[in-house]
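Visitor: For reference, the file structure.csv (CSV, C-alpha atoms) is included below:
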chain,number,residue,atom,x,y,z
A,9,MET,CA,159.2,122.2,67.8
A,10,PRO,CA,156.6,119.7,69.2
A,11,SER,CA,153.4,119.4,67.3
A,12,LEU,CA,150.1,120.8,68.5
A,13,LYS,CA,148.9,117.3,69.3
A,14,GLU,CA,151.9,116.7,71.6
A,15,PHE,CA,151.3,120.0,73.4
A,16,ARG,CA,147.6,119.1,73.9
A,17,ASN,CA,148.6,115.7,75.2
A,18,ARG,CA,151.1,117.2,77.6
A,19,ILE,CA,148.6,119.7,78.9
A,20,ALA,CA,146.0,117.0,79.4
A,21,SER,CA,148.5,114.9,81.3
A,22,VAL,CA,149.6,117.7,83.6
A,23,LYS,CA,145.9,118.5,84.3
A,24,SER,CA,145.3,114.9,85.3
A,25,THR,CA,148.3,115.0,87.6
A,26,ARG,CA,147.0,118.2,89.2
A,27,LYS,CA,143.7,116.6,89.9
A,28,ILE,CA,145.5,113.7,91.7
A,29,THR,CA,147.8,116.0,93.7
A,30,SER,CA,144.8,118.2,94.7
A,31,ALA,CA,142.8,115.2,95.9
A,32,MET,CA,145.8,113.9,97.8
A,33,LYS,CA,146.2,117.3,99.5
A,34,MET,CA,142.6,117.3,100.6
A,35,VAL,CA,142.8,113.7,101.9
A,36,ALA,CA,146.0,114.5,103.8
A,37,ALA,CA,144.4,117.7,105.3
A,38,SER,CA,141.4,115.7,106.6
A,39,LYS,CA,143.7,113.0,108.1
A,40,LEU,CA,146.0,115.6,109.6
A,41,ARG,CA,143.2,117.1,111.7
A,42,ARG,CA,142.7,113.8,113.6
A,43,ALA,CA,146.4,112.9,113.7
A,44,GLN,CA,147.3,116.3,115.1
A,45,THR,CA,144.6,116.1,117.7
A,46,GLN,CA,145.9,112.7,118.9
A,47,ALA,CA,149.5,113.9,118.9
A,48,GLU,CA,148.9,117.0,120.8
A,49,ALA,CA,146.7,115.1,123.3
A,50,SER,CA,149.4,112.6,124.0
A,51,GLN,CA,152.3,115.0,124.6
A,52,PRO,CA,151.3,116.3,128.1
A,53,TYR,CA,150.7,112.8,129.5
A,54,ALA,CA,154.0,111.4,128.0
A,55,ALA,CA,156.0,114.5,129.2
A,56,ARG,CA,154.5,114.3,132.7
A,57,MET,CA,155.1,110.5,132.8
A,58,ALA,CA,158.8,110.9,131.9
A,59,ALA,CA,159.2,113.8,134.4
A,60,MET,CA,157.6,111.9,137.2
A,61,LEU,CA,159.8,108.8,136.6
A,62,GLN,CA,162.9,111.0,136.5
A,63,ARG,CA,162.0,112.5,139.9
A,64,LEU,CA,161.3,109.0,141.3
A,65,VAL,CA,164.6,107.8,140.0
A,66,SER,CA,166.5,110.8,141.4
A,67,LYS,CA,165.1,110.0,144.9
A,68,MET,CA,166.0,106.3,144.8
A,69,ASP,CA,169.1,105.1,146.5
A,70,ALA,CA,171.7,103.9,144.0
A,71,GLY,CA,172.3,100.2,144.2
A,72,GLY,CA,172.2,96.9,142.4
A,73,ALA,CA,168.4,96.5,142.8
A,74,ALA,CA,167.7,99.2,140.3
A,75,PRO,CA,165.4,98.0,137.4
A,76,LEU,CA,167.1,97.1,134.2
A,77,LEU,CA,165.2,99.8,132.2
A,78,MET,CA,166.6,102.4,134.6
A,79,ALA,CA,170.1,101.2,135.2
A,80,GLY,CA,170.7,99.4,131.9
A,81,THR,CA,173.2,96.5,131.6
A,82,GLY,CA,176.1,98.6,132.8
A,83,ARG,CA,177.7,98.4,129.4
A,84,ASP,CA,177.7,100.6,126.3
A,85,GLN,CA,178.7,98.3,123.5
A,86,LYS,CA,175.5,97.1,121.8
A,87,HIS,CA,173.1,99.8,120.6
A,88,LEU,CA,169.6,99.4,119.3
A,89,LEU,CA,168.0,102.1,117.1
A,90,VAL,CA,164.2,102.2,116.6
A,91,VAL,CA,163.7,104.2,113.4
A,92,ILE,CA,160.2,105.4,112.8
A,93,THR,CA,159.1,106.5,109.3
A,94,SER,CA,156.0,106.0,107.1
A,95,ASP,CA,155.0,103.2,104.8
A,96,ARG,CA,154.2,105.6,102.0
A,97,GLY,CA,156.0,108.3,100.1
A,98,LEU,CA,155.0,111.5,98.4
A,99,ALA,CA,155.6,113.4,101.7
A,100,GLY,CA,158.5,115.7,100.7
A,101,GLY,CA,161.6,115.2,102.8
A,102,PHE,CA,159.7,113.7,105.8
A,103,ASN,CA,161.3,110.2,105.6
A,104,ALA,CA,164.6,111.4,104.2
A,105,PHE,CA,165.3,113.6,107.2
A,106,VAL,CA,164.8,110.7,109.6
A,107,ALA,CA,166.9,108.4,107.5
A,108,ARG,CA,169.7,111.0,107.3
A,109,LEU,CA,169.7,111.4,111.1
A,110,ALA,CA,169.7,107.6,111.5
A,111,ARG,CA,172.7,107.3,109.2
A,112,ILE,CA,174.6,110.0,111.2
A,113,LYS,CA,173.8,108.2,114.4
A,114,ILE,CA,174.9,104.8,113.0
A,115,ARG,CA,178.1,106.3,111.6
A,116,GLU,CA,179.0,107.9,115.0
A,117,LEU,CA,178.4,104.6,116.8
A,118,LEU,CA,180.4,102.5,114.3
A,119,ASP,CA,183.3,105.0,114.4
A,120,ALA,CA,183.3,104.6,118.2
A,121,GLY,CA,183.5,100.8,117.8
A,122,LYS,CA,180.0,100.0,118.9
A,123,ASP,CA,177.7,97.3,117.6
A,124,VAL,CA,174.5,98.6,116.0
A,125,GLN,CA,171.1,96.9,115.4
A,126,ILE,CA,168.1,98.6,113.8
A,127,ILE,CA,164.4,98.1,114.1
A,128,CYS,CA,162.5,99.9,111.3
A,129,VAL,CA,158.9,101.0,112.0
A,130,GLY,CA,157.7,101.9,108.5
A,131,ARG,CA,158.7,100.6,105.1
A,132,LYS,CA,160.4,103.8,103.9
A,133,GLY,CA,162.9,103.7,106.7
A,134,ARG,CA,163.9,100.2,105.8
A,135,ASP,CA,164.2,101.0,102.1
A,136,ALA,CA,166.4,104.0,102.8
A,137,LEU,CA,168.7,102.2,105.2
A,138,LYS,CA,169.0,98.7,103.7
A,139,ARG,CA,171.4,99.8,101.0
A,140,ASP,CA,174.2,100.8,103.5
A,141,HIS,CA,173.1,99.0,106.6
A,142,GLY,CA,170.8,96.2,105.5
A,143,SER,CA,172.7,93.6,107.6
A,144,LYS,CA,172.0,95.6,110.7
A,145,ILE,CA,168.2,95.7,110.2
A,146,ILE,CA,166.8,92.9,112.4
A,147,HIS,CA,163.0,93.6,112.1
A,148,THR,CA,160.6,95.8,110.2
A,149,TYR,CA,157.1,96.8,111.2
A,150,GLU,CA,154.8,97.7,108.3
A,151,GLY,CA,151.2,98.8,108.3
A,152,ILE,CA,151.2,100.2,111.8
A,153,GLY,CA,148.4,102.8,112.1
A,154,LYS,CA,147.1,102.0,108.5
A,155,LYS,CA,143.5,102.2,109.7
A,156,ARG,CA,143.9,103.9,113.0
A,157,LEU,CA,146.9,104.2,115.3
A,158,SER,CA,146.3,102.6,118.7
A,159,PHE,CA,148.3,102.1,121.9
A,160,ALA,CA,148.4,98.4,121.1
A,161,ASP,CA,150.7,99.2,118.1
A,162,ALA,CA,153.2,100.9,120.4
A,163,GLN,CA,152.9,98.1,123.0
A,164,SER,CA,153.8,95.5,120.4
A,165,VAL,CA,157.0,97.4,119.5
A,166,ALA,CA,157.8,98.0,123.2
A,167,ASP,CA,157.3,94.3,124.0
A,168,HIS,CA,159.8,93.4,121.3
A,169,VAL,CA,162.3,95.8,122.7
A,170,LEU,CA,161.8,94.5,126.2
A,171,GLY,CA,162.3,90.9,125.0
A,172,MET,CA,165.6,91.9,123.4
A,173,LEU,CA,166.7,93.7,126.5
A,174,GLU,CA,165.9,90.7,128.7
A,175,ALA,CA,167.8,88.5,126.3
A,176,GLY,CA,170.9,90.7,126.5
A,177,ASP,CA,170.8,91.7,122.8
A,178,PHE,CA,171.5,95.3,123.4
A,179,ASP,CA,172.8,97.7,126.1
A,180,VAL,CA,171.4,101.1,124.9
A,181,CYS,CA,168.1,101.8,123.0
A,182,SER,CA,167.4,105.0,121.2
A,183,LEU,CA,164.4,106.2,119.2
A,184,VAL,CA,164.8,108.1,115.9
A,185,TYR,CA,161.7,109.9,114.6
A,186,ASN,CA,160.2,113.1,113.4
A,187,GLN,CA,158.9,115.2,116.3
A,188,PHE,CA,155.7,117.1,115.3
A,189,LYS,CA,156.1,120.8,116.0
A,190,SER,CA,153.5,122.4,113.7
A,191,VAL,CA,152.0,121.8,110.3
A,192,MET,CA,155.0,123.3,108.7
A,193,THR,CA,157.7,122.0,111.0
A,194,GLN,CA,158.7,118.4,111.8
A,195,THR,CA,162.0,118.0,113.5
A,196,PRO,CA,164.0,114.7,113.4
A,197,VAL,CA,165.2,113.8,116.9
A,198,ALA,CA,167.1,110.9,118.6
A,199,GLN,CA,165.8,110.1,122.1
A,200,GLN,CA,167.5,107.6,124.3
A,201,LEU,CA,164.9,105.3,125.9
A,202,ILE,CA,167.0,102.7,127.7
A,203,PRO,CA,168.6,103.2,130.2
A,204,LEU,CA,166.4,106.1,131.4
A,205,GLN,CA,168.2,109.4,131.2
A,206,ALA,CA,167.5,112.9,132.5
A,207,GLU,CA,167.1,114.2,128.9
A,208,ALA,CA,164.1,112.0,128.4
A,209,ALA,CA,162.3,114.0,131.0
A,210,THR,CA,163.0,117.5,129.8
A,211,THR,CA,160.1,117.7,127.4
A,212,ALA,CA,157.9,119.4,130.0
A,213,THR,CA,158.3,123.2,130.2
A,214,PRO,CA,159.1,125.0,133.4
A,215,ASP,CA,155.6,126.3,133.6
A,216,GLU,CA,154.3,122.8,133.7
A,217,GLN,CA,156.4,121.9,136.7
A,218,PRO,CA,154.4,122.4,140.0
A,219,GLN,CA,156.3,124.4,142.5
A,220,ASN,CA,155.5,122.1,145.4
A,221,GLU,CA,157.3,119.2,143.5
A,222,GLN,CA,160.7,120.7,143.8
A,223,GLY,CA,162.6,118.9,146.5
A,224,ALA,CA,159.5,116.8,147.4
A,225,LEU,CA,159.8,113.7,149.5
A,226,TYR,CA,158.2,110.4,148.3
A,227,GLU,CA,157.0,107.4,150.2
A,228,PHE,CA,156.8,104.3,148.1
A,229,GLU,CA,154.0,101.8,148.6
A,230,PRO,CA,154.5,98.8,148.3
A,231,SER,CA,158.1,99.4,147.3
A,232,GLU,CA,160.3,101.5,145.0
A,233,GLU,CA,161.4,98.4,142.9
A,234,GLU,CA,157.8,97.1,142.4
A,235,ILE,CA,156.5,100.5,141.4
A,236,LEU,CA,159.3,101.2,139.0
A,237,ASP,CA,159.0,97.6,137.6
A,238,ARG,CA,155.4,98.5,136.5
A,239,LEU,CA,155.9,102.1,135.5
A,240,LEU,CA,159.2,101.8,133.5
A,241,PRO,CA,157.8,99.3,130.9
A,242,ARG,CA,154.6,101.4,130.6
A,243,ASN,CA,156.7,104.6,130.1
A,244,LEU,CA,158.6,102.8,127.3
A,245,ALA,CA,155.4,102.0,125.5
A,246,ILE,CA,154.1,105.6,126.1
A,247,GLN,CA,157.2,107.2,124.7
A,248,ILE,CA,157.0,105.0,121.6
A,249,TYR,CA,153.3,105.7,121.3
A,250,ARG,CA,153.9,109.5,121.4
A,251,ALA,CA,156.7,109.1,118.7
A,252,LEU,CA,154.3,107.1,116.5
A,253,LEU,CA,151.6,109.8,116.9
A,254,ASP,CA,154.1,112.6,116.2
A,255,SER,CA,155.3,110.7,113.1
A,256,ALA,CA,151.7,110.1,111.9
A,257,ALA,CA,150.8,113.8,112.2
A,258,GLY,CA,154.1,114.9,110.7
A,259,GLU,CA,153.6,112.6,107.7
A,260,GLN,CA,150.2,114.0,106.9
A,261,ALA,CA,151.4,117.6,107.4
A,262,ALA,CA,154.4,116.9,105.1
A,263,ARG,CA,152.2,115.2,102.5
A,264,MET,CA,149.7,118.0,102.5
A,265,THR,CA,152.5,120.6,102.0
A,266,ALA,CA,154.2,118.5,99.3
A,267,MET,CA,150.9,118.0,97.4
A,268,ASP,CA,150.0,121.7,97.7
A,269,ASN,CA,153.4,122.6,96.2
A,270,ALA,CA,152.9,119.9,93.5
A,271,THR,CA,149.4,121.3,92.6
A,272,ARG,CA,150.7,124.8,92.3
A,273,ASN,CA,153.7,123.7,90.2
A,274,ALA,CA,151.3,121.8,87.9
A,275,GLY,CA,149.3,124.9,87.5
A,276,ASP,CA,152.4,126.9,86.6
A,277,MET,CA,153.4,124.2,84.1
A,278,ILE,CA,149.9,124.2,82.5
A,279,ASN,CA,150.1,128.0,82.0
A,280,LYS,CA,153.6,127.7,80.4
A,281,LEU,CA,152.5,124.9,78.1
A,282,THR,CA,149.4,126.8,77.2
A,283,ILE,CA,151.4,129.8,76.1
A,284,LYS,CA,153.8,127.6,74.1
A,285,TYR,CA,150.8,125.9,72.5
A,286,ASN,CA,149.2,129.2,71.5
A,287,ARG,CA,152.5,130.4,70.0
A,288,ALA,CA,152.9,127.2,68.1
A,289,ARG,CA,149.3,127.3,66.9
A,290,GLN,CA,149.8,130.9,65.8
A,291,ALA,CA,153.0,130.0,63.9
A,292,TYR,CA,151.3,127.1,62.1
A,293,ILE,CA,148.4,129.4,61.1
A,294,THR,CA,150.8,132.1,59.9
A,295,LYS,CA,152.7,129.4,57.9
A,296,GLU,CA,149.6,128.1,56.3
A,297,LEU,CA,148.5,131.7,55.4
A,298,ILE,CA,151.8,132.4,53.8
A,299,GLU,CA,151.6,129.2,51.8
A,300,ILE,CA,148.1,130.0,50.6
A,301,ILE,CA,149.1,133.6,49.6
A,302,SER,CA,152.3,132.4,47.9
A,303,GLY,CA,150.3,129.8,46.0
A,304,ALA,CA,147.7,132.3,44.9
A,305,GLU,CA,150.4,134.7,43.7
A,306,ALA,CA,152.2,132.0,41.8
A,307,VAL,CA,149.0,131.2,39.9
Rewrite the structure from the file as structure tokens, please.

Guide:
Amino acid sequence: MPSLKEFRNRIASVKSTRKITSAMKMVAASKLRRAQTQAEASQPYAARMAAMLQRLVSKMDAGGAAPLLMAGTGRDQKHLLVVITSDRGLAGGFNAFVARLARIKIRELLDAGKDVQIICVGRKGRDALKRDHGSKIIHTYEGIGKKRLSFADAQSVADHVLGMLEAGDFDVCSLVYNQFKSVMTQTPVAQQLIPLQAEAATTATPDEQPQNEQGALYEFEPSEEEILDRLLPRNLAIQIYRALLDSAAGEQAARMTAMDNATRNAGDMINKLTIKYNRARQAYITKELIEIISGAEAV
């Protein structure tokens, strides 16, 4: 049985850990409020942007003049995955869920004979994927949103993707990230960004679709191609920005939940250790009393 000093040291150690986890929980809760507000504010604009582009694309005449972001390269051999995770841990399974979905996606593509490249946004995604797919990771972004997440962060990632597309480095680009549903729920999703698909515009609910837009006719000024050449790159950055905001909010929510569980578990452990300490102390006292009484009787 451990000595009383060992019990006291363990109890003090767990109490120190509980203070740390409790402080981290409060910090995550304060950051979550701002991150959740940003994420929820970005969703309607991003959803309406994607829906509007999908309607414009559906009204365009199919032809060789379609923008590259809309039509793609016409091939399906080279795939680029943009995997968004966090730079820090202690957030439960937040990063593990994204990494697992990315592995599933990579395995499916490799089994189909496709070429895969990976851009990791967040250090944890890189660390999780480099063991099995380190040779496929071509770039890693770290420290994005460390102080405050801005649209410029998403624009830098979008510019990198656009540069690779123009260079012919990939045919299809997909985004893998945690979609923020609520404080308790973050769902890992894979969304295809390039070429533009109908699924990218289904985030708006039927109630958000104006009735007069069904079957509407559009007049383009100055031209369909010029408008889409400006809107499609902006939509790419907006979708990445929304994913970054969702990931930031989900990270703080997951960390707050994980630290809350850790704090409660530390409290339970302190109670169990205290009971063991009291029992050991009582046993030592009883043993000493027996020795004293036995020595007195022997005299």

Visitor: Take the point (153.7, 108.8, 111.9) in the file's coordinates, draw a sphere of radius 10 Å around it, and report as a list in words every protein, DNA or RNA residue with an atom inside or on it, counting only C-alpha atoms.

Guide: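 Result, sorted by chain then residue number: Ala43, Ala47, Ile92, Thr93, Ser94, Asp95, Phe102, Asn103, Val129, Gly130, Ile152, Gly153, Leu157, Tyr185, Asn186, Gln187, Phe188, Tyr249, Arg250, Ala251, Leu252, Leu253, Asp254, Ser255, Ala256, Ala257, Gly258, Glu259 and Gln260 of chain A.
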
Visitor: Quick check, in Å to one decimal: how far apart do atom CA of Lys27 of chain A and atom CA of Arg263 of chain A lie?

Guide: 15.3 Å

Visitor: Record the distance separating atom CA of Arg238 of chain A and atom CA of Pro52 of chain A, expressed in Å with one decimal.

Guide: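 We find that atom CA of Arg238 of chain A and atom CA of Pro52 of chain A lie 20.1 Å from each other.
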
Visitor: Could you list as a PyMOL selection string every residue that has an atom within 10 Å of (148.3, 120.1, 72.9), using the file's coordinates and counting all atoms listed in the file?

Guide: chain A and resi 10-21+281-282+284-286+288-289

Visitor: Now that the selection is made, can you save its residues with C-alpha atoms as a PDB file, in the coordinates of the input?

Guide:
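Written out: part31.pdb:
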ATOM      1  CA  PRO A  10     156.600 119.700  69.200  1.00  0.00           C
ATOM      2  CA  SER A  11     153.400 119.400  67.300  1.00  0.00           C
ATOM      3  CA  LEU A  12     150.100 120.800  68.500  1.00  0.00           C
ATOM      4  CA  LYS A  13     148.900 117.300  69.300  1.00  0.00           C
ATOM      5  CA  GLU A  14     151.900 116.700  71.600  1.00  0.00           C
ATOM      6  CA  PHE A  15     151.300 120.000  73.400  1.00  0.00           C
ATOM      7  CA  ARG A  16     147.600 119.100  73.900  1.00  0.00           C
ATOM      8  CA  ASN A  17     148.600 115.700  75.200  1.00  0.00           C
ATOM      9  CA  ARG A  18     151.100 117.200  77.600  1.00  0.00           C
ATOM     10  CA  ILE A  19     148.600 119.700  78.900  1.00  0.00           C
ATOM     11  CA  ALA A  20     146.000 117.000  79.400  1.00  0.00           C
ATOM     12  CA  SER A  21     148.500 114.900  81.300  1.00  0.00           C
ATOM     13  CA  LEU A 281     152.500 124.900  78.100  1.00  0.00           C
ATOM     14  CA  THR A 282     149.400 126.800  77.200  1.00  0.00           C
ATOM     15  CA  LYS A 284     153.800 127.600  74.100  1.00  0.00           C
ATOM     16  CA  TYR A 285     150.800 125.900  72.500  1.00  0.00           C
ATOM     17  CA  ASN A 286     149.200 129.200  71.500  1.00  0.00           C
ATOM     18  CA  ALA A 288     152.900 127.200  68.100  1.00  0.00           C
ATOM     19  CA  ARG A 289     149.300 127.300  66.900  1.00  0.00           C
TER      20      ARG A 289
END

Visitor: Expressed in Å to a single decimal, how great is the separation between atom CA of Arg42 of chain A and atom CA of Arg156 of chain A?

Guide: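 Distance reported for this atom pair: 10.0 Å.
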
Visitor: Which residues are close to Ile145 of chain A, i.e. within 12 Å by all atoms listed in the file, leaving aside same-chain residues fewer than 5 positions away? Reply as JSON, numbers by chain.

Guide: {"A": [88, 89, 90, 91, 114, 124, 125, 126, 127, 128, 129, 131, 133, 134, 135, 136, 137, 138, 139, 140]}

Visitor: Neighbouring residues of Pro241 of chain A were defined as those with any atom within 8 Å, considering all atoms listed in the file; residues of the same chain fewer than 6 positions away were excluded. Please report them as an MDAnalysis selection string.

Guide: chainID A and resid 77 166 170

Visitor: Determine the nearest neighbour of Val169 of chain A from the options A:Ala245, A:Ala120, A:Glu227, A:Arg272, counting all atoms listed in the file.

Guide: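 Using all atoms listed in the file, the shortest distance to Val169 of chain A belongs to A:Ala245.
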
Visitor: Counting only C-alpha atoms, which residue out of A:Ile146, A:Val106, A:Ala262, A:Val197 sits closest to Ala37 of chain A?

Guide: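 Looking at the shortest contact to Ala37 of chain A, the residue is A:Ala262.
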
Visitor: With a distance cut-off of 10 Å and all atoms listed in the file, select the neighbouring residues of Asn269 of chain A, excluding the residue or stretch itself and same-chain residues fewer than 6 positions from it, and output the selection as a list in words.

Guide: Thr29, Ser30, Lys33, Gly100, Arg263 and Gly275 of chain A

Visitor: Would you export the selected residues with C-alpha atoms as a short mmCIF file (atom, residue, chain, number, x, y, z; two decimals), keeping the file's coordinate frame, please?

Guide:
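Wrote again.cif, looks like this:
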data_model
loop_
_atom_site.label_atom_id
_atom_site.label_comp_id
_atom_site.auth_asym_id
_atom_site.auth_seq_id
_atom_site.Cartn_x
_atom_site.Cartn_y
_atom_site.Cartn_z
CA THR A 29 147.80 116.00 93.70
CA SER A 30 144.80 118.20 94.70
CA LYS A 33 146.20 117.30 99.50
CA GLY A 100 158.50 115.70 100.70
CA ARG A 263 152.20 115.20 102.50
CA GLY A 275 149.30 124.90 87.50
#

Visitor: Which of these residues is nearest to Arg63 of chain A, using all atoms listed in the file: A:Arg96, A:Leu204, A:Val180, A:Glu229?

Guide: A:Leu204

Visitor: Using all atoms listed in the file, can you tell me which of A:Ser164, A:Gln247, A:Gln199, A:Gln194 comes closest to Arg56 of chain A?

Guide: A:Gln247

Visitor: What's the 7 Å shell around Cys181 of chain A, counting all atoms listed in the file, without same-chain residues fewer than 2 positions away, as a PDB file with C-alpha atoms, in the coordinates of the input?

Guide:
ATOM      1  CA  HIS A  87     173.100  99.800 120.600  1.00  0.00           C
ATOM      2  CA  LEU A  88     169.600  99.400 119.300  1.00  0.00           C
ATOM      3  CA  LEU A  89     168.000 102.100 117.100  1.00  0.00           C
ATOM      4  CA  ASP A 179     172.800  97.700 126.100  1.00  0.00           C
ATOM      5  CA  LEU A 183     164.400 106.200 119.200  1.00  0.00           C
ATOM      6  CA  GLN A 200     167.500 107.600 124.300  1.00  0.00           C
ATOM      7  CA  LEU A 201     164.900 105.300 125.900  1.00  0.00           C
ATOM      8  CA  ILE A 202     167.000 102.700 127.700  1.00  0.00           C
TER       9      ILE A 202
END
